[in-house]
>>> print(open('data37.csv').read())   # CSV, N, CA and C atoms
chain,number,residue,atom,x,y,z
U,153,MET,N,75.6,120.7,112.9
U,153,MET,CA,75.8,120.4,111.5
U,153,MET,C,77.1,119.7,111.2
U,154,GLN,N,78.2,120.3,111.9
U,154,GLN,CA,79.5,119.8,111.6
U,154,GLN,C,79.6,118.3,112.0
U,155,ASP,N,79.0,118.0,113.2
U,155,ASP,CA,79.1,116.6,113.6
U,155,ASP,C,78.5,115.6,112.6
U,156,VAL,N,77.4,115.9,112.0
U,156,VAL,CA,76.8,115.0,111.1
U,156,VAL,C,77.6,114.9,109.8
U,157,VAL,N,78.3,115.9,109.4
U,157,VAL,CA,79.2,115.9,108.3
U,157,VAL,C,80.4,115.0,108.6
U,158,PHE,N,81.0,115.1,109.8
U,158,PHE,CA,82.1,114.3,110.1
U,158,PHE,C,81.7,112.8,110.3
U,159,LYS,N,80.5,112.6,110.8
U,159,LYS,CA,80.0,111.2,110.9
U,159,LYS,C,79.8,110.6,109.5
U,160,ALA,N,79.3,111.4,108.6
U,160,ALA,CA,79.1,110.9,107.2
U,160,ALA,C,80.5,110.6,106.6
U,161,LEU,N,81.5,111.4,106.9
U,161,LEU,CA,82.8,111.2,106.3
U,161,LEU,C,83.6,110.1,107.0
U,162,ALA,N,83.2,109.6,108.1
U,162,ALA,CA,84.0,108.7,109.0
U,162,ALA,C,84.1,107.3,108.3
U,163,ASP,N,83.2,107.0,107.4
U,163,ASP,CA,83.3,105.7,106.8
U,163,ASP,C,83.9,105.7,105.4
U,164,ARG,N,84.8,104.8,105.2
U,164,ARG,CA,85.5,104.7,103.9
U,164,ARG,C,84.6,104.5,102.7
U,165,THR,N,83.6,103.7,102.9
U,165,THR,CA,82.6,103.5,101.8
U,165,THR,C,81.9,104.7,101.4
U,166,ARG,N,81.5,105.5,102.4
U,166,ARG,CA,80.8,106.8,102.1
U,166,ARG,C,81.7,107.8,101.4
U,167,ARG,N,83.0,107.8,101.8
U,167,ARG,CA,83.9,108.7,101.2
U,167,ARG,C,84.1,108.2,99.7
U,168,THR,N,84.1,106.9,99.5
U,168,THR,CA,84.2,106.4,98.1
U,168,THR,C,83.0,106.8,97.3
U,169,ILE,N,81.8,106.7,97.9
U,169,ILE,CA,80.6,107.1,97.2
U,169,ILE,C,80.7,108.6,96.8
U,170,LEU,N,81.2,109.4,97.7
U,170,LEU,CA,81.3,110.9,97.4
U,170,LEU,C,82.2,111.1,96.2
U,171,THR,N,83.3,110.3,96.2
U,171,THR,CA,84.3,110.4,95.1
U,171,THR,C,83.6,110.1,93.8
U,172,ARG,N,82.8,109.0,93.8
U,172,ARG,CA,82.0,108.6,92.6
U,172,ARG,C,81.0,109.7,92.2
U,173,LEU,N,80.4,110.2,93.2
U,173,LEU,CA,79.4,111.3,92.8
U,173,LEU,C,80.0,112.6,92.4
U,174,ALA,N,81.3,112.8,92.7
U,174,ALA,CA,82.0,114.0,92.2
U,174,ALA,C,82.1,113.9,90.7
U,175,ALA,N,82.1,112.7,90.2
U,175,ALA,CA,82.2,112.5,88.7
U,175,ALA,C,80.9,112.8,88.0
U,176,GLY,N,79.8,112.8,88.8
U,176,GLY,CA,78.5,113.0,88.2
U,176,GLY,C,77.4,112.2,89.0
U,177,PRO,N,76.2,112.7,88.9
U,177,PRO,CA,75.0,112.0,89.6
U,177,PRO,C,74.9,110.6,89.2
U,178,GLN,N,74.4,109.8,90.1
U,178,GLN,CA,74.2,108.3,89.9
U,178,GLN,C,73.0,107.8,90.6
U,179,THR,N,72.5,106.7,90.1
U,179,THR,CA,71.4,106.1,90.8
U,179,THR,C,72.0,105.1,91.9
U,180,VAL,N,71.1,104.7,92.8
U,180,VAL,CA,71.6,103.7,93.8
U,180,VAL,C,72.1,102.5,93.1
U,181,GLY,N,71.4,102.0,92.1
U,181,GLY,CA,71.8,100.8,91.4
U,181,GLY,C,73.2,100.9,90.7
U,182,ALA,N,73.4,102.1,90.1
U,182,ALA,CA,74.7,102.3,89.5
U,182,ALA,C,75.8,102.3,90.6
U,183,LEU,N,75.6,103.0,91.7
U,183,LEU,CA,76.6,103.0,92.8
U,183,LEU,C,76.8,101.6,93.3
U,184,ALA,N,75.7,100.8,93.6
U,184,ALA,CA,75.8,99.5,94.1
U,184,ALA,C,76.6,98.6,93.3
U,185,SER,N,76.5,98.8,92.0
U,185,SER,CA,77.2,97.9,91.0
U,185,SER,C,78.8,98.0,91.2
U,186,GLU,N,79.2,99.1,91.8
U,186,GLU,CA,80.6,99.4,92.0
U,186,GLU,C,81.1,98.8,93.4
U,187,PHE,N,80.2,98.3,94.2
U,187,PHE,CA,80.6,97.8,95.5
U,187,PHE,C,80.2,96.4,95.7
U,188,ASP,N,80.9,95.7,96.6
U,188,ASP,CA,80.5,94.4,97.0
U,188,ASP,C,79.5,94.4,98.1
U,189,MET,N,78.3,95.0,97.9
U,189,MET,CA,77.3,95.1,98.9
U,189,MET,C,76.0,95.2,98.2
U,190,THR,N,74.9,95.1,98.9
U,190,THR,CA,73.6,95.1,98.3
U,190,THR,C,73.1,96.6,98.1
U,191,ARG,N,72.1,96.7,97.3
U,191,ARG,CA,71.5,98.0,97.0
U,191,ARG,C,71.0,98.7,98.3
U,192,PRO,N,70.3,97.9,99.2
U,192,PRO,CA,69.9,98.5,100.5
U,192,PRO,C,71.0,99.0,101.3
U,193,ALA,N,72.2,98.3,101.3
U,193,ALA,CA,73.3,98.7,102.1
U,193,ALA,C,73.8,100.0,101.5
U,194,VAL,N,73.9,100.2,100.2
U,194,VAL,CA,74.4,101.4,99.6
U,194,VAL,C,73.4,102.5,99.9
U,195,ALA,N,72.1,102.2,99.9
U,195,ALA,CA,71.0,103.2,100.2
U,195,ALA,C,71.2,103.7,101.6
U,196,LYS,N,71.6,102.8,102.6
U,196,LYS,CA,71.8,103.3,103.9
U,196,LYS,C,73.0,104.2,104.0
U,197,HIS,N,74.0,103.9,103.3
U,197,HIS,CA,75.2,104.9,103.3
U,197,HIS,C,74.7,106.2,102.7
U,198,LEU,N,73.9,106.2,101.6
U,198,LEU,CA,73.5,107.4,101.0
U,198,LEU,C,72.6,108.2,101.9
U,199,LYS,N,71.8,107.5,102.8
U,199,LYS,CA,71.0,108.2,103.8
U,199,LYS,C,71.8,109.0,104.7
U,200,VAL,N,72.9,108.3,105.2
U,200,VAL,CA,73.8,109.0,106.1
U,200,VAL,C,74.4,110.2,105.5
U,201,LEU,N,74.9,110.1,104.2
U,201,LEU,CA,75.4,111.2,103.4
U,201,LEU,C,74.4,112.3,103.2
U,202,SER,N,73.2,111.9,103.0
U,202,SER,CA,72.1,112.9,102.8
U,202,SER,C,71.8,113.6,104.1
U,203,ASP,N,71.8,112.9,105.2
U,203,ASP,CA,71.6,113.5,106.5
U,203,ASP,C,72.7,114.5,106.8
U,204,GLY,N,73.9,114.3,106.3
U,204,GLY,CA,75.0,115.2,106.5
U,204,GLY,C,75.0,116.3,105.5
U,205,GLY,N,74.0,116.3,104.6
U,205,GLY,CA,73.9,117.4,103.6
U,205,GLY,C,74.8,117.2,102.4
U,206,LEU,N,75.6,116.1,102.4
U,206,LEU,CA,76.6,115.9,101.3
U,206,LEU,C,76.0,115.3,100.0
U,207,VAL,N,74.8,114.8,100.1
U,207,VAL,CA,74.2,114.2,98.9
U,207,VAL,C,72.8,114.7,98.8
U,208,SER,N,72.4,115.1,97.6
U,208,SER,CA,71.0,115.5,97.4
U,208,SER,C,70.4,114.5,96.4
U,209,VAL,N,69.1,114.3,96.6
U,209,VAL,CA,68.4,113.2,95.8
U,209,VAL,C,67.3,113.9,94.9
U,210,THR,N,67.3,113.6,93.7
U,210,THR,CA,66.3,114.1,92.8
U,210,THR,C,65.5,112.8,92.3
U,211,VAL,N,64.2,112.9,92.3
U,211,VAL,CA,63.4,111.8,91.9
U,211,VAL,C,62.9,112.1,90.4
U,212,LYS,N,63.3,111.1,89.5
U,212,LYS,CA,62.9,111.2,88.1
U,212,LYS,C,62.1,109.9,87.8
U,213,GLY,N,60.8,110.0,87.8
U,213,GLY,CA,60.0,108.8,87.6
U,213,GLY,C,60.2,107.8,88.7
U,214,ARG,N,60.7,106.6,88.4
U,214,ARG,CA,61.0,105.6,89.4
U,214,ARG,C,62.4,105.7,89.9
U,215,GLU,N,63.2,106.5,89.3
U,215,GLU,CA,64.6,106.5,89.7
U,215,GLU,C,64.9,107.7,90.7
U,216,ARG,N,65.8,107.4,91.6
U,216,ARG,CA,66.3,108.4,92.6
U,216,ARG,C,67.8,108.7,92.2
U,217,ILE,N,68.0,109.9,91.7
U,217,ILE,CA,69.3,110.3,91.2
U,217,ILE,C,70.0,111.0,92.4
U,218,ASN,N,71.2,110.5,92.7
U,218,ASN,CA,72.0,111.1,93.8
U,218,ASN,C,73.1,112.0,93.3
U,219,SER,N,73.2,113.1,93.9
U,219,SER,CA,74.2,114.1,93.4
U,219,SER,C,75.0,114.6,94.6
U,220,LEU,N,76.3,114.9,94.4
U,220,LEU,CA,77.1,115.5,95.4
U,220,LEU,C,76.7,116.9,95.7
U,221,ASN,N,76.7,117.2,97.0
U,221,ASN,CA,76.5,118.6,97.4
U,221,ASN,C,77.8,118.9,98.2
U,222,PRO,N,78.8,119.6,97.6
U,222,PRO,CA,80.1,119.8,98.2
U,222,PRO,C,80.1,120.9,99.3
U,223,GLN,N,79.0,121.6,99.4
U,223,GLN,CA,79.0,122.8,100.3
U,223,GLN,C,79.4,122.4,101.8
U,224,PRO,N,78.8,121.3,102.4
U,224,PRO,CA,79.2,121.0,103.7
U,224,PRO,C,80.7,120.6,103.9
U,225,LEU,N,81.4,120.3,102.8
U,225,LEU,CA,82.8,120.0,102.9
U,225,LEU,C,83.6,121.2,103.2
U,226,ARG,N,83.0,122.4,103.0
U,226,ARG,CA,83.7,123.6,103.4
U,226,ARG,C,83.9,123.7,104.9
U,227,LEU,N,82.9,123.2,105.6
U,227,LEU,CA,83.0,123.1,107.1
U,227,LEU,C,84.2,122.3,107.5
U,228,VAL,N,84.4,121.2,106.8
U,228,VAL,CA,85.5,120.3,107.1
U,228,VAL,C,86.8,121.1,106.8
U,229,ALA,N,86.9,121.7,105.6
U,229,ALA,CA,88.1,122.4,105.2
U,229,ALA,C,88.4,123.5,106.2
U,230,ASP,N,87.4,124.2,106.6
U,230,ASP,CA,87.6,125.3,107.5
U,230,ASP,C,88.1,124.8,108.9
U,231,TRP,N,87.6,123.7,109.3
U,231,TRP,CA,88.1,123.1,110.6
U,231,TRP,C,89.5,122.7,110.5
U,232,LEU,N,89.9,122.0,109.3
U,232,LEU,CA,91.2,121.6,109.1
U,232,LEU,C,92.2,122.7,109.0
U,233,ARG,N,91.7,123.9,108.5
U,233,ARG,CA,92.6,125.1,108.4
U,233,ARG,C,93.1,125.5,109.8
U,234,LEU,N,92.3,125.2,110.8
U,234,LEU,CA,92.7,125.6,112.2
U,234,LEU,C,94.1,125.0,112.5
U,235,PHE,N,94.4,123.9,111.9
U,235,PHE,CA,95.7,123.2,112.2
U,235,PHE,C,96.8,123.6,111.3
U,236,ASP,N,96.6,124.5,110.4
U,236,ASP,CA,97.7,125.0,109.5
U,236,ASP,C,98.8,125.6,110.3
U,237,VAL,N,98.5,126.3,111.4
U,237,VAL,CA,99.5,126.9,112.2
U,237,VAL,C,100.4,125.8,112.8
U,238,PHE,N,99.7,124.8,113.3
U,238,PHE,CA,100.5,123.7,113.9
U,238,PHE,C,101.5,123.1,112.9
U,239,TRP,N,101.0,122.8,111.7
U,239,TRP,CA,101.9,122.3,110.7
U,239,TRP,C,103.0,123.2,110.3
U,240,ASP,N,102.7,124.5,110.2
U,240,ASP,CA,103.7,125.5,109.9
U,240,ASP,C,104.8,125.5,111.0
U,241,VAL,N,104.5,125.4,112.2
U,241,VAL,CA,105.5,125.4,113.3
U,241,VAL,C,106.3,124.1,113.2
U,242,GLN,N,105.6,123.0,113.0
U,242,GLN,CA,106.3,121.7,113.0
U,242,GLN,C,107.3,121.7,111.8
U,243,LEU,N,106.9,122.2,110.7
U,243,LEU,CA,107.8,122.2,109.5
U,243,LEU,C,109.0,123.2,109.7
U,244,ALA,N,108.7,124.3,110.3
U,244,ALA,CA,109.8,125.2,110.6
U,244,ALA,C,110.8,124.6,111.6
U,245,GLU,N,110.3,123.9,112.6
U,245,GLU,CA,111.2,123.2,113.5
U,245,GLU,C,112.1,122.2,112.8
U,246,LEU,N,111.4,121.4,111.9
U,246,LEU,CA,112.1,120.4,111.1
U,246,LEU,C,113.2,121.0,110.2
U,247,LYS,N,112.8,122.1,109.6
U,247,LYS,CA,113.8,122.8,108.8
U,247,LYS,C,115.0,123.3,109.6
U,248,HIS,N,114.7,123.8,110.8
U,248,HIS,CA,115.8,124.2,111.6
U,248,HIS,C,116.7,123.1,112.0
U,249,VAL,N,116.2,121.9,112.4
U,249,VAL,CA,117.0,120.7,112.7
U,249,VAL,C,117.8,120.3,111.5
U,250,VAL,N,117.2,120.2,110.4
U,250,VAL,CA,117.9,119.7,109.2
U,250,VAL,C,119.1,120.7,108.8
U,251,GLU,N,118.8,122.0,108.9
U,251,GLU,CA,119.8,123.0,108.6
U,251,GLU,C,120.9,122.9,109.6
U,252,LYS,N,120.6,122.7,110.9
U,252,LYS,CA,121.6,122.6,111.9
U,252,LYS,C,122.5,121.4,111.7
U,253,GLU,N,121.9,120.3,111.3
U,253,GLU,CA,122.7,119.1,111.0
U,253,GLU,C,123.6,119.3,109.8
U,254,THR,N,123.1,120.0,108.8
U,254,THR,CA,123.8,120.2,107.6
U,254,THR,C,125.0,121.1,107.8
U,255,ARG,N,124.9,122.0,108.8
U,255,ARG,CA,126.0,122.9,109.1
U,255,ARG,C,127.0,122.3,110.1
U,256,GLY,N,126.7,121.0,110.4
U,256,GLY,CA,127.7,120.3,111.3
U,256,GLY,C,127.4,120.5,112.8
U,257,GLY,N,126.1,120.8,113.1
U,257,GLY,CA,125.7,120.8,114.5
U,257,GLY,C,125.9,122.1,115.2
U,258,SER,N,126.5,123.1,114.5
U,258,SER,CA,126.6,124.4,115.2
U,258,SER,C,125.3,125.2,115.0
U,259,ASP,N,125.0,126.1,116.0
U,259,ASP,CA,123.8,126.8,115.9
U,259,ASP,C,124.0,128.3,115.9
>>> encode(input="data37.csv", output="structure tokens")
Amino acid sequence: MQDVVFKALADRTRRTILTRLAAGPQTVGALASEFDMTRPAVAKHLKVLSDGGLVSVTVKGRERINSLNPQPLRLVADWLRLFDVFWDVQLAELKHVVEKETRGGSD
């Protein structure tokens, strides 16, 4: 599941679509009007997002309403949290270097 979510997020257009859907559900036509691409191209992006579980589709008459499903983003957030320790160590080392230089190089 995690791989299809990352694949869906790998494209800037799809990330932009998710941002648009975070503001509320939209049809393919409404989304396509915001991009310099055809409706079928936007529909293909929505299909990848849907395959990743990031978008759900509701059919209302002839319209297909696309909505953000943020739940799979939790997988991404959890994976990124694994690197918090790395950044904590890097920032602590940077702080040490800056403080050492501020004190005139003595340790």
>>> closest_residue(input="data37.csv", among="U:Val250, U:Ala162, U:Pro224, U:Gly181", to="Gly204 (chain U)", atoms="only N, CA and C atoms")
U:Pro224
>>> atom_distance(input="data37.csv", atom1="atom C of Asn218 (chain U)", atom2="atom N of Asp230 (chain U)")
23.0 Å
>>> atom_distance(input="data37.csv", atom1="atom C of Val249 (chain U)", atom2="atom C of Asp236 (chain U)")
19.8 Å
>>> atom_distance(input="data37.csv", atom1="atom N of Arg216 (chain U)", atom2="CA of Thr171 (chain U)")
19.1 Å
>>> closest_residue(input="data37.csv", among="U:Ser202, U:Thr254, U:Ser219, U:Ser208", to="Gln178 (chain U)", atoms="all atoms listed in the file")
U:Ser219
>>> closest_residue(input="data37.csv", among="U:Ala184, U:Leu206, U:Val241, U:Val194", to="Arg226 (chain U)", atoms="only C-alpha atoms")
U:Leu206
>>> residues_around(input="data37.csv", residues="Val157 (chain U)", least_positions_apart="2", cutoff="8 Å", atoms="all atoms listed in the file", output="PyMOL selection string")
chain U and resi 153-155+159-162+200-201+203-206+224-225+228
>>> write_last_selection(input="data37.csv", atoms="N, CA and C atoms", output="PDB file, in the frame of the given file")
ATOM      1  N   MET U 153      75.600 120.700 112.900  1.00  0.00           N
ATOM      2  CA  MET U 153      75.800 120.400 111.500  1.00  0.00           C
ATOM      3  C   MET U 153      77.100 119.700 111.200  1.00  0.00           C
ATOM      4  N   GLN U 154      78.200 120.300 111.900  1.00  0.00           N
ATOM      5  CA  GLN U 154      79.500 119.800 111.600  1.00  0.00           C
ATOM      6  C   GLN U 154      79.600 118.300 112.000  1.00  0.00           C
ATOM      7  N   ASP U 155      79.000 118.000 113.200  1.00  0.00           N
ATOM      8  CA  ASP U 155      79.100 116.600 113.600  1.00  0.00           C
ATOM      9  C   ASP U 155      78.500 115.600 112.600  1.00  0.00           C
ATOM     10  N   LYS U 159      80.500 112.600 110.800  1.00  0.00           N
ATOM     11  CA  LYS U 159      80.000 111.200 110.900  1.00  0.00           C
ATOM     12  C   LYS U 159      79.800 110.600 109.500  1.00  0.00           C
ATOM     13  N   ALA U 160      79.300 111.400 108.600  1.00  0.00           N
ATOM     14  CA  ALA U 160      79.100 110.900 107.200  1.00  0.00           C
ATOM     15  C   ALA U 160      80.500 110.600 106.600  1.00  0.00           C
ATOM     16  N   LEU U 161      81.500 111.400 106.900  1.00  0.00           N
ATOM     17  CA  LEU U 161      82.800 111.200 106.300  1.00  0.00           C
ATOM     18  C   LEU U 161      83.600 110.100 107.000  1.00  0.00           C
ATOM     19  N   ALA U 162      83.200 109.600 108.100  1.00  0.00           N
ATOM     20  CA  ALA U 162      84.000 108.700 109.000  1.00  0.00           C
ATOM     21  C   ALA U 162      84.100 107.300 108.300  1.00  0.00           C
ATOM     22  N   VAL U 200      72.900 108.300 105.200  1.00  0.00           N
ATOM     23  CA  VAL U 200      73.800 109.000 106.100  1.00  0.00           C
ATOM     24  C   VAL U 200      74.400 110.200 105.500  1.00  0.00           C
ATOM     25  N   LEU U 201      74.900 110.100 104.200  1.00  0.00           N
ATOM     26  CA  LEU U 201      75.400 111.200 103.400  1.00  0.00           C
ATOM     27  C   LEU U 201      74.400 112.300 103.200  1.00  0.00           C
ATOM     28  N   ASP U 203      71.800 112.900 105.200  1.00  0.00           N
ATOM     29  CA  ASP U 203      71.600 113.500 106.500  1.00  0.00           C
ATOM     30  C   ASP U 203      72.700 114.500 106.800  1.00  0.00           C
ATOM     31  N   GLY U 204      73.900 114.300 106.300  1.00  0.00           N
ATOM     32  CA  GLY U 204      75.000 115.200 106.500  1.00  0.00           C
ATOM     33  C   GLY U 204      75.000 116.300 105.500  1.00  0.00           C
ATOM     34  N   GLY U 205      74.000 116.300 104.600  1.00  0.00           N
ATOM     35  CA  GLY U 205      73.900 117.400 103.600  1.00  0.00           C
ATOM     36  C   GLY U 205      74.800 117.200 102.400  1.00  0.00           C
ATOM     37  N   LEU U 206      75.600 116.100 102.400  1.00  0.00           N
ATOM     38  CA  LEU U 206      76.600 115.900 101.300  1.00  0.00           C
ATOM     39  C   LEU U 206      76.000 115.300 100.000  1.00  0.00           C
ATOM     40  N   PRO U 224      78.800 121.300 102.400  1.00  0.00           N
ATOM     41  CA  PRO U 224      79.200 121.000 103.700  1.00  0.00           C
ATOM     42  C   PRO U 224      80.700 120.600 103.900  1.00  0.00           C
ATOM     43  N   LEU U 225      81.400 120.300 102.800  1.00  0.00           N
ATOM     44  CA  LEU U 225      82.800 120.000 102.900  1.00  0.00           C
ATOM     45  C   LEU U 225      83.600 121.200 103.200  1.00  0.00           C
ATOM     46  N   VAL U 228      84.400 121.200 106.800  1.00  0.00           N
ATOM     47  CA  VAL U 228      85.500 120.300 107.100  1.00  0.00           C
ATOM     48  C   VAL U 228      86.800 121.100 106.800  1.00  0.00           C
TER      49      VAL U 228
END
>>> select_by_dssp(input="data37.csv", residues="region 157-247 of chain U", states="helix (DSSP H, G or I)", output="count of residues only")
55
>>> select_by_dssp(input="data37.csv", residues="chain U", states="strand (DSSP E)", output="MDAnalysis selection string")
chainID U and resid 178:179 207:212 215:220
>>> closest_residue(input="data37.csv", among="U:Leu220, U:Asp188, U:Arg233, U:Val211", to="Leu173 (chain U)", atoms="only N, CA and C atoms")
U:Leu220
>>> residues_around(input="data37.csv", residues="Val180 (chain U)", least_positions_apart="5", cutoff="8 Å", atoms="all atoms listed in the file", output="list in words")
Ser185, Glu186, Thr190, Arg191, Pro192, Val194, Ala195, Glu215, Arg216, Ile217 and Asn218 of chain U
>>> decode(input="data37.csv", residues="region 205-220 of chain U", atoms="N, CA, C and O atoms", output="PDB file, in the first residue's frame")
ATOM      1  N   GLY U 205      -5.495   5.279  -3.011  1.00  0.00           N
ATOM      2  CA  GLY U 205      -6.442   5.469  -1.915  1.00  0.00           C
ATOM      3  C   GLY U 205      -6.569   6.914  -1.461  1.00  0.00           C
ATOM      4  O   GLY U 205      -7.226   7.197  -0.458  1.00  0.00           O
ATOM      5  N   LEU U 206      -5.944   7.841  -2.188  1.00  0.00           N
ATOM      6  CA  LEU U 206      -5.935   9.251  -1.783  1.00  0.00           C
ATOM      7  C   LEU U 206      -7.162  10.026  -2.247  1.00  0.00           C
ATOM      8  O   LEU U 206      -7.434  11.110  -1.731  1.00  0.00           O
ATOM      9  N   VAL U 207      -7.869   9.474  -3.219  1.00  0.00           N
ATOM     10  CA  VAL U 207      -9.061  10.133  -3.748  1.00  0.00           C
ATOM     11  C   VAL U 207     -10.189   9.112  -3.804  1.00  0.00           C
ATOM     12  O   VAL U 207      -9.990   7.976  -4.222  1.00  0.00           O
ATOM     13  N   SER U 208     -11.353   9.543  -3.386  1.00  0.00           N
ATOM     14  CA  SER U 208     -12.537   8.705  -3.534  1.00  0.00           C
ATOM     15  C   SER U 208     -13.476   9.405  -4.509  1.00  0.00           C
ATOM     16  O   SER U 208     -13.488  10.635  -4.617  1.00  0.00           O
ATOM     17  N   VAL U 209     -14.259   8.603  -5.229  1.00  0.00           N
ATOM     18  CA  VAL U 209     -15.156   9.128  -6.253  1.00  0.00           C
ATOM     19  C   VAL U 209     -16.587   8.771  -5.904  1.00  0.00           C
ATOM     20  O   VAL U 209     -16.888   7.630  -5.570  1.00  0.00           O
ATOM     21  N   THR U 210     -17.444   9.784  -5.959  1.00  0.00           N
ATOM     22  CA  THR U 210     -18.865   9.588  -5.752  1.00  0.00           C
ATOM     23  C   THR U 210     -19.574   9.963  -7.049  1.00  0.00           C
ATOM     24  O   THR U 210     -19.307  11.024  -7.617  1.00  0.00           O
ATOM     25  N   VAL U 211     -20.443   9.087  -7.520  1.00  0.00           N
ATOM     26  CA  VAL U 211     -21.186   9.358  -8.744  1.00  0.00           C
ATOM     27  C   VAL U 211     -22.530   9.972  -8.375  1.00  0.00           C
ATOM     28  O   VAL U 211     -23.290   9.406  -7.587  1.00  0.00           O
ATOM     29  N   LYS U 212     -22.787  11.164  -8.941  1.00  0.00           N
ATOM     30  CA  LYS U 212     -24.069  11.851  -8.754  1.00  0.00           C
ATOM     31  C   LYS U 212     -24.619  12.150 -10.134  1.00  0.00           C
ATOM     32  O   LYS U 212     -24.178  13.084 -10.798  1.00  0.00           O
ATOM     33  N   GLY U 213     -25.550  11.316 -10.559  1.00  0.00           N
ATOM     34  CA  GLY U 213     -26.078  11.471 -11.910  1.00  0.00           C
ATOM     35  C   GLY U 213     -24.977  11.213 -12.917  1.00  0.00           C
ATOM     36  O   GLY U 213     -24.368  10.158 -12.924  1.00  0.00           O
ATOM     37  N   ARG U 214     -24.699  12.209 -13.745  1.00  0.00           N
ATOM     38  CA  ARG U 214     -23.655  12.073 -14.759  1.00  0.00           C
ATOM     39  C   ARG U 214     -22.305  12.586 -14.270  1.00  0.00           C
ATOM     40  O   ARG U 214     -21.311  12.458 -14.967  1.00  0.00           O
ATOM     41  N   GLU U 215     -22.268  13.154 -13.092  1.00  0.00           N
ATOM     42  CA  GLU U 215     -21.026  13.718 -12.569  1.00  0.00           C
ATOM     43  C   GLU U 215     -20.305  12.740 -11.660  1.00  0.00           C
ATOM     44  O   GLU U 215     -20.923  11.966 -10.934  1.00  0.00           O
ATOM     45  N   ARG U 216     -18.984  12.827 -11.711  1.00  0.00           N
ATOM     46  CA  ARG U 216     -18.128  12.067 -10.805  1.00  0.00           C
ATOM     47  C   ARG U 216     -17.445  13.089  -9.898  1.00  0.00           C
ATOM     48  O   ARG U 216     -16.644  13.887 -10.363  1.00  0.00           O
ATOM     49  N   ILE U 217     -17.790  13.048  -8.635  1.00  0.00           N
ATOM     50  CA  ILE U 217     -17.257  13.998  -7.664  1.00  0.00           C
ATOM     51  C   ILE U 217     -16.049  13.357  -6.972  1.00  0.00           C
ATOM     52  O   ILE U 217     -16.154  12.283  -6.385  1.00  0.00           O
ATOM     53  N   ASN U 218     -14.924  14.034  -7.049  1.00  0.00           N
ATOM     54  CA  ASN U 218     -13.674  13.545  -6.460  1.00  0.00           C
ATOM     55  C   ASN U 218     -13.450  14.220  -5.112  1.00  0.00           C
ATOM     56  O   ASN U 218     -13.549  15.439  -5.005  1.00  0.00           O
ATOM     57  N   SER U 219     -13.120  13.411  -4.119  1.00  0.00           N
ATOM     58  CA  SER U 219     -12.880  13.917  -2.768  1.00  0.00           C
ATOM     59  C   SER U 219     -11.552  13.395  -2.248  1.00  0.00           C
ATOM     60  O   SER U 219     -11.145  12.274  -2.562  1.00  0.00           O
ATOM     61  N   LEU U 220     -10.913  14.210  -1.442  1.00  0.00           N
ATOM     62  CA  LEU U 220      -9.662  13.816  -0.806  1.00  0.00           C
ATOM     63  C   LEU U 220      -9.939  12.794   0.286  1.00  0.00           C
ATOM     64  O   LEU U 220     -10.854  12.950   1.091  1.00  0.00           O
TER      65      LEU U 220
END
